[in-house]
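K.L.:
Provided below: model05.tsv, containing TSV, C-alpha atoms.
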```tsv
chain	number	residue	atom	x	y	z
A	1	MET	CA	0.00	0.00	0.00
A	2	ILE	CA	1.23	3.49	-0.95
A	3	ARG	CA	-0.39	6.39	0.87
A	4	PHE	CA	-0.22	10.17	0.32
A	5	GLU	CA	-1.28	12.33	3.24
A	6	GLY	CA	-1.76	16.05	2.62
A	7	VAL	CA	0.98	16.13	-0.04
A	8	SER	CA	1.61	19.48	-1.72
A	9	LYS	CA	4.28	20.68	-4.13
A	10	ARG	CA	4.94	24.39	-4.68
A	11	TYR	CA	7.66	25.78	-6.93
A	12	ASP	CA	9.68	28.94	-6.33
A	13	ASN	CA	7.62	30.88	-8.88
A	14	GLY	CA	4.48	30.19	-6.82
A	15	TYR	CA	3.04	27.52	-9.09
A	16	VAL	CA	1.23	24.79	-7.14
A	17	ALA	CA	1.77	21.41	-8.82
A	18	LEU	CA	0.02	19.38	-6.10
A	19	ASN	CA	-2.46	20.76	-3.62
A	20	SER	CA	-2.93	18.81	-0.35
A	21	LEU	CA	-3.23	15.45	-2.09
A	22	ASP	CA	-4.69	12.51	-0.16
A	23	LEU	CA	-4.38	9.33	-2.18
A	24	GLN	CA	-4.00	5.57	-1.73
A	25	PHE	CA	-2.60	3.01	-4.15
A	26	THR	CA	-3.79	-0.48	-3.22
A	27	ALA	CA	-1.17	-3.20	-3.57
A	28	GLY	CA	-1.28	-5.54	-6.56
A	29	LEU	CA	-3.20	-3.27	-8.96
A	30	ILE	CA	-2.39	-1.15	-12.02
A	31	HIS	CA	-3.14	2.46	-11.04
A	32	VAL	CA	-3.24	4.83	-14.01
A	33	LEU	CA	-2.72	8.57	-13.45
A	34	ILE	CA	-4.25	10.58	-16.27
A	35	GLY	CA	-5.25	14.18	-16.90
A	36	PRO	CA	-4.39	17.24	-18.99
A	37	SER	CA	-0.84	18.54	-19.27
A	38	GLY	CA	0.32	20.10	-16.02
A	39	CYS	CA	-2.31	18.37	-13.86
A	40	GLY	CA	0.31	16.86	-11.54
A	41	LYS	CA	0.27	13.22	-12.64
A	42	THR	CA	4.01	12.94	-13.34
A	43	THR	CA	4.85	14.94	-10.22
A	44	THR	CA	2.76	12.52	-8.18
A	45	MET	CA	4.46	9.47	-9.67
A	46	ARG	CA	7.97	10.87	-9.22
A	47	MET	CA	7.34	11.50	-5.53
A	48	ILE	CA	7.01	7.77	-4.90
A	49	ASN	CA	10.71	7.19	-5.62
A	50	ARG	CA	11.72	10.61	-4.27
A	51	LEU	CA	12.69	12.11	-7.61
A	52	ASN	CA	10.37	14.93	-6.50
A	53	ILE	CA	10.18	15.99	-2.85
A	54	PRO	CA	6.91	17.25	-1.30
A	55	THR	CA	6.75	20.78	0.01
A	56	GLU	CA	4.23	19.57	2.59
A	57	GLY	CA	2.76	16.24	3.65
A	58	LYS	CA	4.02	12.68	3.90
A	59	ILE	CA	4.17	9.60	1.71
A	60	PHE	CA	4.11	6.10	3.17
A	61	ILE	CA	4.93	2.71	1.68
A	62	ASP	CA	3.61	-0.11	3.86
A	63	ASP	CA	3.17	2.46	6.66
A	64	LYS	CA	6.82	3.54	6.49
A	65	ASP	CA	7.53	7.23	5.87
A	66	ILE	CA	9.68	7.26	2.73
A	67	SER	CA	11.41	10.48	3.82
A	68	GLN	CA	13.13	8.31	6.42
A	69	ILE	CA	14.44	5.86	3.80
A	70	ASP	CA	17.76	6.42	2.05
A	71	PRO	CA	16.77	7.61	-1.47
A	72	VAL	CA	19.28	5.33	-3.21
A	73	GLU	CA	18.00	2.31	-1.29
A	74	LEU	CA	14.41	3.35	-2.03
A	75	ARG	CA	14.99	3.73	-5.78
A	76	ARG	CA	16.71	0.37	-6.04
A	77	SER	CA	13.63	-1.21	-4.48
A	78	ILE	CA	11.23	0.38	-7.00
A	79	GLY	CA	11.17	-0.50	-10.70
A	80	TYR	CA	11.17	2.51	-13.06
A	81	VAL	CA	10.22	2.55	-16.75
A	82	ILE	CA	10.43	5.77	-18.75
A	83	GLN	CA	9.22	6.95	-22.15
A	84	SER	CA	12.67	7.17	-23.71
A	85	ILE	CA	13.42	3.56	-22.60
A	86	GLY	CA	16.83	4.58	-21.20
A	87	LEU	CA	18.81	1.44	-22.05
A	88	PHE	CA	22.57	1.85	-21.84
A	89	PRO	CA	23.75	1.66	-25.47
A	90	HIS	CA	27.21	0.31	-24.61
A	91	MET	CA	25.80	-2.60	-22.58
A	92	THR	CA	24.36	-5.87	-23.87
A	93	ILE	CA	20.72	-6.65	-23.15
A	94	ALA	CA	21.78	-9.04	-20.40
A	95	LYS	CA	23.87	-6.37	-18.69
A	96	ASN	CA	21.10	-3.79	-19.07
A	97	VAL	CA	18.57	-6.08	-17.41
A	98	GLY	CA	21.04	-7.00	-14.66
A	99	VAL	CA	21.98	-3.44	-13.66
A	100	VAL	CA	20.03	-3.23	-10.39
A	101	PRO	CA	20.70	-6.84	-9.30
A	102	ARG	CA	24.43	-6.12	-9.70
A	103	LEU	CA	24.09	-2.99	-7.56
A	104	LEU	CA	22.31	-5.14	-4.98
A	105	LYS	CA	25.31	-7.52	-5.12
A	106	TRP	CA	23.50	-10.57	-6.44
A	107	ASP	CA	25.89	-13.32	-7.50
A	108	GLN	CA	26.41	-13.71	-11.24
A	109	THR	CA	24.68	-17.09	-11.51
A	110	ARG	CA	21.52	-15.66	-9.96
A	111	ILE	CA	21.67	-12.61	-12.25
A	112	ASP	CA	22.10	-14.79	-15.36
A	113	GLN	CA	19.16	-16.96	-14.36
A	114	ARG	CA	16.98	-13.91	-13.71
A	115	VAL	CA	17.89	-12.32	-17.06
A	116	ASP	CA	16.97	-15.46	-19.01
A	117	GLU	CA	13.77	-15.90	-17.03
A	118	LEU	CA	12.67	-12.33	-17.77
A	119	LEU	CA	13.56	-12.46	-21.47
A	120	GLU	CA	11.44	-15.58	-21.82
A	121	LEU	CA	8.64	-13.82	-19.94
A	122	VAL	CA	8.34	-11.24	-22.75
A	123	HIS	CA	8.92	-13.74	-25.56
A	124	LEU	CA	12.50	-12.74	-26.35
A	125	ASN	CA	14.62	-15.86	-26.76
A	126	PRO	CA	17.58	-15.54	-24.33
A	127	ASP	CA	20.01	-17.28	-26.69
A	128	THR	CA	19.09	-14.82	-29.43
A	129	TYR	CA	18.89	-11.58	-27.45
A	130	ARG	CA	20.99	-11.66	-24.27
A	131	ASN	CA	24.23	-10.67	-26.01
A	132	ARG	CA	22.74	-8.14	-28.41
A	133	TYR	CA	22.95	-4.39	-27.95
A	134	PRO	CA	19.95	-2.03	-27.79
A	135	SER	CA	20.67	-0.66	-31.28
A	136	GLU	CA	20.08	-4.16	-32.68
A	137	LEU	CA	16.48	-4.26	-31.40
A	138	SER	CA	13.29	-2.66	-32.68
A	139	GLY	CA	11.64	0.05	-30.61
A	140	GLY	CA	9.04	-2.38	-29.30
A	141	GLN	CA	11.70	-4.89	-28.31
A	142	GLN	CA	13.74	-2.20	-26.56
A	143	GLN	CA	10.71	-1.17	-24.54
A	144	ARG	CA	10.08	-4.80	-23.59
A	145	VAL	CA	13.63	-4.88	-22.24
A	146	GLY	CA	12.96	-1.62	-20.40
A	147	VAL	CA	9.96	-3.23	-18.69
A	148	ILE	CA	11.79	-6.38	-17.61
A	149	ARG	CA	14.77	-4.34	-16.39
A	150	ALA	CA	12.33	-2.70	-13.97
A	151	LEU	CA	11.28	-6.20	-12.85
A	152	ALA	CA	14.80	-7.59	-12.51
A	153	ALA	CA	15.32	-7.08	-8.77
A	154	GLU	CA	11.81	-8.37	-8.02
A	155	PRO	CA	10.40	-5.05	-6.73
A	156	ASP	CA	6.89	-4.90	-5.30
A	157	ILE	CA	6.33	-1.44	-6.85
A	158	ILE	CA	6.91	-0.29	-10.43
A	159	VAL	CA	6.42	3.27	-11.66
A	160	MET	CA	5.97	3.83	-15.39
A	161	ASP	CA	6.15	7.30	-16.96
A	162	GLU	CA	4.32	7.21	-20.34
A	163	PRO	CA	6.43	4.19	-21.28
A	164	PHE	CA	4.74	3.36	-24.60
A	165	SER	CA	3.88	6.83	-25.94
A	166	ALA	CA	6.85	7.07	-28.35
A	167	LEU	CA	6.05	3.77	-30.08
A	168	ASP	CA	4.05	3.13	-33.24
A	169	PRO	CA	0.40	2.10	-32.68
A	170	ILE	CA	0.98	-1.60	-33.36
A	171	SER	CA	3.93	-1.96	-30.98
A	172	ARG	CA	2.11	0.13	-28.39
A	173	GLU	CA	-0.97	-2.06	-28.36
A	174	ASN	CA	1.16	-5.21	-28.25
A	175	LEU	CA	3.04	-3.90	-25.21
A	176	GLN	CA	-0.19	-2.91	-23.46
A	177	ASP	CA	-1.37	-6.50	-23.92
A	178	GLU	CA	2.01	-7.73	-22.67
A	179	LEU	CA	1.76	-5.57	-19.53
A	180	ILE	CA	-1.73	-6.86	-18.76
A	181	ARG	CA	-0.55	-10.45	-19.21
A	182	LEU	CA	2.51	-9.93	-17.00
A	183	GLN	CA	0.43	-8.30	-14.28
A	184	GLN	CA	-1.92	-11.26	-14.17
A	185	ASP	CA	1.08	-13.44	-13.33
A	186	LEU	CA	3.13	-11.07	-11.15
A	187	GLN	CA	0.56	-8.94	-9.27
A	188	LYS	CA	2.86	-5.93	-8.80
A	189	THR	CA	1.73	-2.50	-7.63
A	190	ILE	CA	2.08	-0.43	-10.81
A	191	ILE	CA	1.75	3.36	-11.01
A	192	PHE	CA	1.35	4.20	-14.70
A	193	VAL	CA	1.26	7.75	-16.10
A	194	THR	CA	-0.37	8.36	-19.48
A	195	HIS	CA	-2.16	11.08	-21.42
A	196	ASP	CA	-3.93	8.50	-23.62
A	197	MET	CA	-7.46	7.72	-22.48
A	198	ASP	CA	-7.69	4.60	-24.63
A	199	GLU	CA	-4.55	3.25	-22.96
A	200	ALA	CA	-5.85	4.11	-19.49
A	201	ILE	CA	-9.18	2.37	-20.09
A	202	LYS	CA	-7.45	-0.71	-21.45
A	203	ILE	CA	-4.89	-1.35	-18.71
A	204	ALA	CA	-6.18	0.29	-15.50
A	205	ASP	CA	-7.57	-1.52	-12.50
A	206	ASN	CA	-7.90	1.90	-10.90
A	207	MET	CA	-7.98	5.11	-12.96
A	208	ILE	CA	-7.08	8.39	-11.23
A	209	LEU	CA	-8.15	11.49	-13.12
A	210	MET	CA	-6.32	14.65	-12.04
A	211	LYS	CA	-6.74	18.39	-12.61
A	212	ASP	CA	-4.86	21.33	-11.09
A	213	GLY	CA	-2.87	19.14	-8.70
A	214	GLN	CA	-5.89	17.36	-7.24
A	215	VAL	CA	-7.77	14.13	-7.83
A	216	VAL	CA	-11.09	14.83	-9.53
A	217	GLN	CA	-12.30	11.24	-9.65
A	218	GLN	CA	-10.89	7.75	-9.28
A	219	GLY	CA	-12.21	4.23	-9.64
A	220	ARG	CA	-12.52	1.45	-12.17
A	221	PRO	CA	-12.61	2.78	-15.76
A	222	GLU	CA	-16.07	1.28	-16.28
A	223	TYR	CA	-17.46	3.20	-13.29
A	224	ILE	CA	-15.91	6.52	-14.33
A	225	LEU	CA	-17.15	6.17	-17.90
A	226	ARG	CA	-20.68	5.43	-16.69
A	227	HIS	CA	-20.71	7.85	-13.74
A	228	PRO	CA	-18.50	10.90	-14.44
A	229	ALA	CA	-18.25	13.06	-11.33
A	230	ASN	CA	-18.60	16.47	-13.02
A	231	ASP	CA	-18.41	18.36	-16.31
A	232	PHE	CA	-14.61	18.22	-16.38
A	233	VAL	CA	-14.68	14.42	-16.27
A	234	LYS	CA	-17.44	14.35	-18.90
A	235	ASN	CA	-15.39	16.59	-21.18
A	236	PHE	CA	-12.11	14.77	-20.63
A	237	VAL	CA	-13.47	11.23	-20.80
A	238	GLY	CA	-17.01	11.30	-22.11
A	239	LYS	CA	-16.41	13.22	-25.31
A	240	GLN	CA	-14.69	10.23	-26.82
A	241	ARG	CA	-18.06	8.43	-26.39
A	242	LEU	CA	-16.70	5.02	-27.26
A	243	LEU	CA	-18.80	3.26	-24.63
A	244	GLU	CA	-21.91	5.23	-25.54
A	245	GLY	CA	-21.91	3.83	-29.07
A	246	SER	CA	-21.67	7.30	-30.53
A	247	ILE	CA	-19.31	6.50	-33.40
A	248	PRO	CA	-21.48	7.69	-36.30
A	249	GLU	CA	-23.12	4.85	-38.20
A	250	LYS	CA	-21.88	6.24	-41.53
A	251	LEU	CA	-18.28	6.70	-40.43
A	252	THR	CA	-16.02	4.74	-42.78
A	253	VAL	CA	-12.62	3.16	-42.33
A	254	ASP	CA	-11.17	5.70	-44.79
A	255	GLU	CA	-11.74	8.53	-42.30
A	256	VAL	CA	-10.09	6.74	-39.40
A	257	MET	CA	-7.24	4.68	-40.82
A	258	ALA	CA	-3.54	5.45	-40.43
A	259	GLU	CA	-2.47	6.33	-43.96
A	260	ASN	CA	1.31	6.00	-43.78
A	261	PRO	CA	2.17	2.74	-42.02
A	262	VAL	CA	5.59	1.18	-42.50
A	263	THR	CA	5.73	-0.87	-45.71
A	264	ALA	CA	8.47	-2.70	-47.60
A	265	TYR	CA	8.89	-4.42	-50.96
A	266	PRO	CA	9.16	-8.22	-51.00
A	267	THR	CA	12.65	-8.02	-52.54
A	268	ARG	CA	14.14	-6.55	-49.38
A	269	GLY	CA	16.71	-8.74	-47.67
A	270	LEU	CA	16.46	-9.71	-44.03
A	271	ALA	CA	19.24	-7.37	-42.90
A	272	GLU	CA	17.50	-4.50	-44.69
A	273	ALA	CA	14.22	-5.42	-43.02
A	274	ILE	CA	15.82	-5.29	-39.58
A	275	LYS	CA	17.28	-1.85	-40.33
A	276	ILE	CA	13.87	-0.56	-41.49
A	277	MET	CA	12.18	-1.87	-38.34
A	278	GLU	CA	14.92	-0.39	-36.16
A	279	LYS	CA	14.68	3.01	-37.83
A	280	ARG	CA	10.88	3.15	-37.77
A	281	ARG	CA	10.62	1.55	-34.31
A	282	VAL	CA	8.24	-1.24	-35.34
A	283	ASP	CA	8.34	-5.00	-34.95
A	284	SER	CA	6.57	-5.94	-38.18
A	285	LEU	CA	6.37	-4.78	-41.79
A	286	ILE	CA	3.49	-4.61	-44.26
A	287	ILE	CA	4.67	-6.16	-47.55
A	288	VAL	CA	3.50	-4.49	-50.78
A	289	ASP	CA	4.56	-4.78	-54.42
A	290	ARG	CA	5.68	-1.94	-56.69
A	291	LYS	CA	2.05	-1.08	-57.45
A	292	HIS	CA	1.42	-0.91	-53.69
A	293	ASP	CA	-0.82	-3.97	-53.80
A	294	LEU	CA	-0.99	-5.83	-50.49
A	295	LEU	CA	1.01	-9.06	-50.30
A	296	GLY	CA	1.16	-9.84	-46.58
A	297	HIS	CA	3.15	-9.12	-43.44
A	298	VAL	CA	6.34	-10.24	-41.74
A	299	SER	CA	7.42	-9.93	-38.10
A	300	ILE	CA	10.83	-9.39	-36.57
A	301	PHE	CA	10.58	-12.87	-35.08
A	302	GLN	CA	10.22	-14.47	-38.52
A	303	VAL	CA	13.19	-12.46	-39.79
A	304	ILE	CA	15.42	-13.46	-36.89
A	305	GLU	CA	14.51	-17.15	-37.17
A	306	ARG	CA	15.62	-17.25	-40.83
A	307	PHE	CA	18.37	-14.63	-40.70
A	308	LYS	CA	21.27	-17.03	-41.14
A	309	GLU	CA	19.90	-18.30	-44.44
A	310	GLU	CA	21.48	-16.78	-47.54
A	311	ASN	CA	19.60	-15.35	-50.53
A	312	ILE	CA	16.27	-15.07	-48.74
A	313	THR	CA	13.96	-12.04	-48.82
A	314	ILE	CA	11.05	-10.88	-46.72
A	315	GLY	CA	8.80	-11.82	-49.62
A	316	ASP	CA	9.74	-15.44	-48.97
A	317	LEU	CA	8.59	-15.06	-45.36
A	318	ALA	CA	5.48	-12.95	-45.91
A	319	LYS	CA	2.24	-14.32	-44.51
A	320	PRO	CA	-1.05	-13.28	-46.13
A	321	PHE	CA	-3.60	-11.38	-44.06
A	322	GLU	CA	-6.57	-13.49	-43.01
A	323	HIS	CA	-8.75	-10.42	-42.56
A	324	VAL	CA	-8.90	-7.15	-44.50
A	325	VAL	CA	-11.54	-4.47	-45.05
A	326	THR	CA	-12.24	-2.65	-48.27
A	327	ALA	CA	-12.23	1.11	-48.66
A	328	GLY	CA	-15.62	2.58	-47.87
A	329	SER	CA	-16.50	-0.09	-45.29
A	330	ASP	CA	-18.21	1.19	-42.17
A	331	LEU	CA	-16.01	1.47	-39.10
A	332	HIS	CA	-18.21	-0.80	-36.98
A	333	THR	CA	-17.38	-3.74	-39.26
A	334	ALA	CA	-13.64	-3.11	-38.79
A	335	LEU	CA	-13.98	-2.76	-35.01
A	336	HIS	CA	-15.85	-6.05	-34.79
A	337	LEU	CA	-13.09	-7.80	-36.76
A	338	LEU	CA	-10.39	-6.28	-34.52
A	339	THR	CA	-12.22	-7.36	-31.38
A	340	ASP	CA	-13.55	-10.77	-32.43
A	341	HIS	CA	-10.21	-11.95	-33.82
A	342	ARG	CA	-7.97	-10.04	-31.37
A	343	LEU	CA	-6.10	-8.39	-34.21
A	344	PRO	CA	-3.44	-5.71	-33.54
A	345	TYR	CA	-4.32	-4.02	-36.84
A	346	LEU	CA	-6.45	-4.44	-39.94
A	347	PRO	CA	-5.40	-3.48	-43.50
A	348	VAL	CA	-7.67	-1.34	-45.67
A	349	VAL	CA	-7.54	-2.18	-49.39
A	350	GLY	CA	-9.01	-0.70	-52.55
A	351	ASP	CA	-9.52	-2.16	-56.01
A	352	HIS	CA	-7.27	-5.09	-56.96
A	353	ASN	CA	-6.08	-5.43	-53.34
A	354	HIS	CA	-4.35	-2.02	-53.46
A	355	PHE	CA	-3.09	-1.20	-49.95
A	356	ILE	CA	-4.43	2.08	-48.58
A	357	GLY	CA	-3.92	2.12	-44.81
A	358	LEU	CA	-4.34	0.44	-41.42
A	359	ILE	CA	-7.11	0.48	-38.86
A	360	THR	CA	-5.90	0.15	-35.26
A	361	LYS	CA	-7.61	0.89	-31.97
A	362	GLY	CA	-5.14	3.73	-31.61
A	363	SER	CA	-6.13	5.27	-34.95
A	364	VAL	CA	-9.80	5.14	-33.90
A	365	VAL	CA	-9.09	6.88	-30.61
A	366	ARG	CA	-6.97	9.55	-32.32
A	367	TYR	CA	-9.79	10.27	-34.76
A	368	ILE	CA	-12.42	10.55	-32.05
A	369	ALA	CA	-10.11	12.74	-29.96
A	370	ASP	CA	-9.45	15.05	-32.92
A	371	VAL	CA	-13.16	15.40	-33.60
A	372	TYR	CA	-14.52	15.70	-30.08
A	373	THR	CA	-11.77	16.73	-27.68
A	374	VAL	CA	-10.85	20.33	-26.98
A	375	ASP	CA	-7.27	20.80	-25.80
A	376	THR	CA	-6.89	22.15	-22.28
A	377	PRO	CA	-4.46	25.09	-22.35
A	378	GLN	CA	-1.43	24.91	-20.09
A	379	SER	CA	-1.27	27.61	-17.44
A	380	GLU	CA	1.38	30.27	-17.77
A	381	GLY	CA	4.51	29.37	-15.86
A	382	GLU	CA	3.36	25.79	-15.41
A	383	PRO	CA	6.09	23.14	-15.47
A	384	SER	CA	5.76	20.66	-18.32
A	385	GLU	CA	4.57	17.18	-17.36
```
Let me see whether you can do it: turn the structure in this file into structure tokens.
P.N.:
Amino acid sequence: MIRFEGVSKRYDNGYVALNSLDLQFTAGLIHVLIGPSGCGKTTTMRMINRLNIPTEGKIFIDDKDISQIDPVELRRSIGYVIQSIGLFPHMTIAKNVGVVPRLLKWDQTRIDQRVDELLELVHLNPDTYRNRYPSELSGGQQQRVGVIRALAAEPDIIVMDEPFSALDPISRENLQDELIRLQQDLQKTIIFVTHDMDEAIKIADNMILMKDGQVVQQGRPEYILRHPANDFVKNFVGKQRLLEGSIPEKLTVDEVMAENPVTAYPTRGLAEAIKIMEKRRVDSLIIVDRKHDLLGHVSIFQVIERFKEENITIGDLAKPFEHVVTAGSDLHTALHLLTDHRLPYLPVVGDHNHFIGLITKGSVVRYIADVYTVDTPQSEGEPSE
């Protein structure tokens, strides 16, 4: 249990980032802090590992005042995942994951066992990945390593600062699913900061909506969506209207799709494919021919499995899509396909199987947000979140 009692944070210019915050984070749940820029969500999260210090009030972990704990000792006991991943480029994946256990003076055999165990946990083969460097991984794979590095020393608490926001929609949704799966097994106390309502609804056991340094409403996402506390909550959450069935019946996939996903020609070699995925921070490629007709898809895992083979291209590995939608289809059809078949994305094609774009849950949320959501201006002099 993490408990905030009367916690405030005031800066020298007079700006109040947190205002007498009383808050509890129940153990074993994913708690998502969300709100407009400058609302205090990141400040709140960073106080848990004493990267920010309260001006007033106290914070307790298991009834122990954290101001009485050595900050270095405290931070080594709390996993931390950040947006920019933060892997050490000169270290192998194994050494990156083992950083905190080494600081805690674990013996090397125990560290090696823990590294392999964690790599397997996120479906990265230890024999393939432990001796690679971060630059040799896709963005999604790097972020997977960032997550397991936070788990390495077996902390009870993990804080995550918009960890998936820099990734492409496909990798982001895959990692959200991965986090939910891991949490079912590990039951950690996770404090997760995001500005993405779709992400919050998907992963949160407890959603904490903040404004002006205070909690406006908290509870299960379902409850907040059905029972918003006030107009601010209605505007911030309700305008997306996904649970109210307010996506217009005539809305088509053309209006919502992502139009410039990462594609590659089938003649690309496997080394080229890895470079493309690394540069564009994705873990799969859409394969099209010179006329931009859809041929299939290939994942980083397929590429790695066959990498040692000579004279092989991604066209040789491409798998056809089992489900596609045609241009002009209504969005509800696409959403049902995504949900019923648990698809990360769905291609949109025109005449003669010409590839046009991708429908993802993220692209739907971005469209709805663009149409319905009004940006909340940041106050003058307000520190950036």
K.L.:
Restricting the calculation to all atoms listed in the file, which member of A:Ala152, A:Ile69, A:Leu209, A:Ala204 is positioned closest to Ala94 in chain A?
P.N.:
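Ranked by minimum distance to Ala94 in chain A, first place goes to A:Ala152.
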K.L.:
Please indicate the distance in Å from CA of Tyr129 in chain A to CA of Val100 in chain A, rounded to one decimal place.
P.N.:
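Calculated distance between CA of Tyr129 in chain A and CA of Val100 in chain A is 19.0 Å.
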K.L.:
I want to know what sits within 12 Å of Arg75 in chain A, based on all atoms listed in the file, with residues of the same chain fewer than 6 positions away left out; could you give that as a PyMOL selection string?
P.N.:
chain A and resi 46-51+66+69+100+103-104+150+153+155-159
K.L.:
Please save C-alpha atoms of the selected residues as an mmCIF file, in the coordinates of the input.
P.N.:
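Printed below is again12.cif as written:
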```cif
data_model
loop_
_atom_site.group_PDB
_atom_site.id
_atom_site.type_symbol
_atom_site.label_atom_id
_atom_site.label_comp_id
_atom_site.auth_asym_id
_atom_site.auth_seq_id
_atom_site.Cartn_x
_atom_site.Cartn_y
_atom_site.Cartn_z
ATOM 1 C CA ARG A 46 7.970 10.870 -9.220
ATOM 2 C CA MET A 47 7.340 11.500 -5.530
ATOM 3 C CA ILE A 48 7.010 7.770 -4.900
ATOM 4 C CA ASN A 49 10.710 7.190 -5.620
ATOM 5 C CA ARG A 50 11.720 10.610 -4.270
ATOM 6 C CA LEU A 51 12.690 12.110 -7.610
ATOM 7 C CA ILE A 66 9.680 7.260 2.730
ATOM 8 C CA ILE A 69 14.440 5.860 3.800
ATOM 9 C CA VAL A 100 20.030 -3.230 -10.390
ATOM 10 C CA LEU A 103 24.090 -2.990 -7.560
ATOM 11 C CA LEU A 104 22.310 -5.140 -4.980
ATOM 12 C CA ALA A 150 12.330 -2.700 -13.970
ATOM 13 C CA ALA A 153 15.320 -7.080 -8.770
ATOM 14 C CA PRO A 155 10.400 -5.050 -6.730
ATOM 15 C CA ASP A 156 6.890 -4.900 -5.300
ATOM 16 C CA ILE A 157 6.330 -1.440 -6.850
ATOM 17 C CA ILE A 158 6.910 -0.290 -10.430
ATOM 18 C CA VAL A 159 6.420 3.270 -11.660
#
```
K.L.:
From the list A:Val215, A:Leu74, A:Leu137, A:Met210, which residue is nearest Lys275 in chain A when using all atoms listed in the file?
P.N.:
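Of all the options, A:Leu137 lies closest to Lys275 in chain A.
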K.L.:
Considering all atoms listed in the file, return as a PyMOL selection string whatever protein or nucleic-acid residues lie within 9 Å of Leu270 in chain A, sequence-local ones (same chain, fewer than 2 positions apart) excluded.
P.N.:
chain A and resi 268+272-275+303-304+306-307+312-314
K.L.:
Pick out the closest residue to Val7 in chain A from this set: A:Gly362, A:Gly57, A:Pro266, A:Pro221. Count only C-alpha atoms.
P.N.:
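With only C-alpha atoms as the atom set, the closest residue is A:Gly57.
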K.L.:
Padding 4 Å on each side, edges along x, y and z: where is the centre of the box around the listed atoms of range 177-181 of chain A, and how long are its edges in Å to one decimal? Output it as lines of an AutoDock Vina configuration file.
P.N.:
```
center_x = 0.1
center_y = -8.0
center_z = -21.3
size_x = 11.7
size_y = 12.9
size_z = 13.2
```
K.L.:
Find, counting all atoms listed in the file, the residue in A:Glu120, A:Glu310, A:Asp205, A:Asp283 that gets nearest to Glu136 in chain A.
P.N.:
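Distance minimum relative to Glu136 in chain A lands on A:Asp283.
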K.L.:
Give me the residues near Ile82 in chain A as a PyMOL selection string, where near means some atom within 12 Å (using all atoms listed in the file) and where sequence neighbours in that chain fewer than 2 positions away do not count.
P.N.:
chain A and resi 42+45-46+79-80+84-87+142-147+149-150+158-166+191-194
K.L.:
From the options A:His332, A:Arg290, A:Lys95, A:Arg76, which residue's atoms come nearest to Val253 in chain A, counting only C-alpha atoms?
P.N.:
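For Val253 in chain A, the nearest of the given residues is A:His332.
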K.L.:
Using the incomplete input, complete range 181-193 of chain A to the level of N, CA and C atoms; output as a PDB file, in the coordinates of the input.
P.N.:
```pdb
ATOM      1  N   ARG A 181      -0.859  -9.034 -19.420  1.00  0.00           N
ATOM      2  CA  ARG A 181      -0.550 -10.450 -19.210  1.00  0.00           C
ATOM      3  C   ARG A 181       0.452 -10.639 -18.066  1.00  0.00           C
ATOM      4  N   LEU A 182       1.504  -9.824 -18.062  1.00  0.00           N
ATOM      5  CA  LEU A 182       2.510  -9.930 -17.000  1.00  0.00           C
ATOM      6  C   LEU A 182       1.898  -9.654 -15.633  1.00  0.00           C
ATOM      7  N   GLN A 183       1.029  -8.657 -15.567  1.00  0.00           N
ATOM      8  CA  GLN A 183       0.430  -8.300 -14.280  1.00  0.00           C
ATOM      9  C   GLN A 183      -0.452  -9.411 -13.740  1.00  0.00           C
ATOM     10  N   GLN A 184      -1.106 -10.136 -14.626  1.00  0.00           N
ATOM     11  CA  GLN A 184      -1.920 -11.260 -14.170  1.00  0.00           C
ATOM     12  C   GLN A 184      -1.061 -12.306 -13.458  1.00  0.00           C
ATOM     13  N   ASP A 185       0.178 -12.458 -13.928  1.00  0.00           N
ATOM     14  CA  ASP A 185       1.080 -13.440 -13.330  1.00  0.00           C
ATOM     15  C   ASP A 185       1.808 -12.895 -12.101  1.00  0.00           C
ATOM     16  N   LEU A 186       2.214 -11.598 -12.148  1.00  0.00           N
ATOM     17  CA  LEU A 186       3.130 -11.070 -11.150  1.00  0.00           C
ATOM     18  C   LEU A 186       2.461 -10.296 -10.020  1.00  0.00           C
ATOM     19  N   GLN A 187       1.312  -9.668 -10.296  1.00  0.00           N
ATOM     20  CA  GLN A 187       0.560  -8.940  -9.270  1.00  0.00           C
ATOM     21  C   GLN A 187       1.415  -7.878  -8.572  1.00  0.00           C
ATOM     22  N   LYS A 188       2.094  -7.043  -9.354  1.00  0.00           N
ATOM     23  CA  LYS A 188       2.860  -5.930  -8.800  1.00  0.00           C
ATOM     24  C   LYS A 188       1.936  -4.733  -8.548  1.00  0.00           C
ATOM     25  N   THR A 189       2.416  -3.784  -7.766  1.00  0.00           N
ATOM     26  CA  THR A 189       1.730  -2.500  -7.630  1.00  0.00           C
ATOM     27  C   THR A 189       2.341  -1.561  -8.668  1.00  0.00           C
ATOM     28  N   ILE A 190       1.570  -1.205  -9.684  1.00  0.00           N
ATOM     29  CA  ILE A 190       2.080  -0.430 -10.810  1.00  0.00           C
ATOM     30  C   ILE A 190       1.411   0.941 -10.822  1.00  0.00           C
ATOM     31  N   ILE A 191       2.236   1.984 -10.850  1.00  0.00           N
ATOM     32  CA  ILE A 191       1.750   3.360 -11.010  1.00  0.00           C
ATOM     33  C   ILE A 191       2.125   3.788 -12.422  1.00  0.00           C
ATOM     34  N   PHE A 192       1.142   4.013 -13.265  1.00  0.00           N
ATOM     35  CA  PHE A 192       1.350   4.200 -14.700  1.00  0.00           C
ATOM     36  C   PHE A 192       0.809   5.562 -15.097  1.00  0.00           C
ATOM     37  N   VAL A 193       1.677   6.417 -15.642  1.00  0.00           N
ATOM     38  CA  VAL A 193       1.260   7.750 -16.100  1.00  0.00           C
ATOM     39  C   VAL A 193       1.029   7.717 -17.601  1.00  0.00           C
TER      40      VAL A 193
END
```
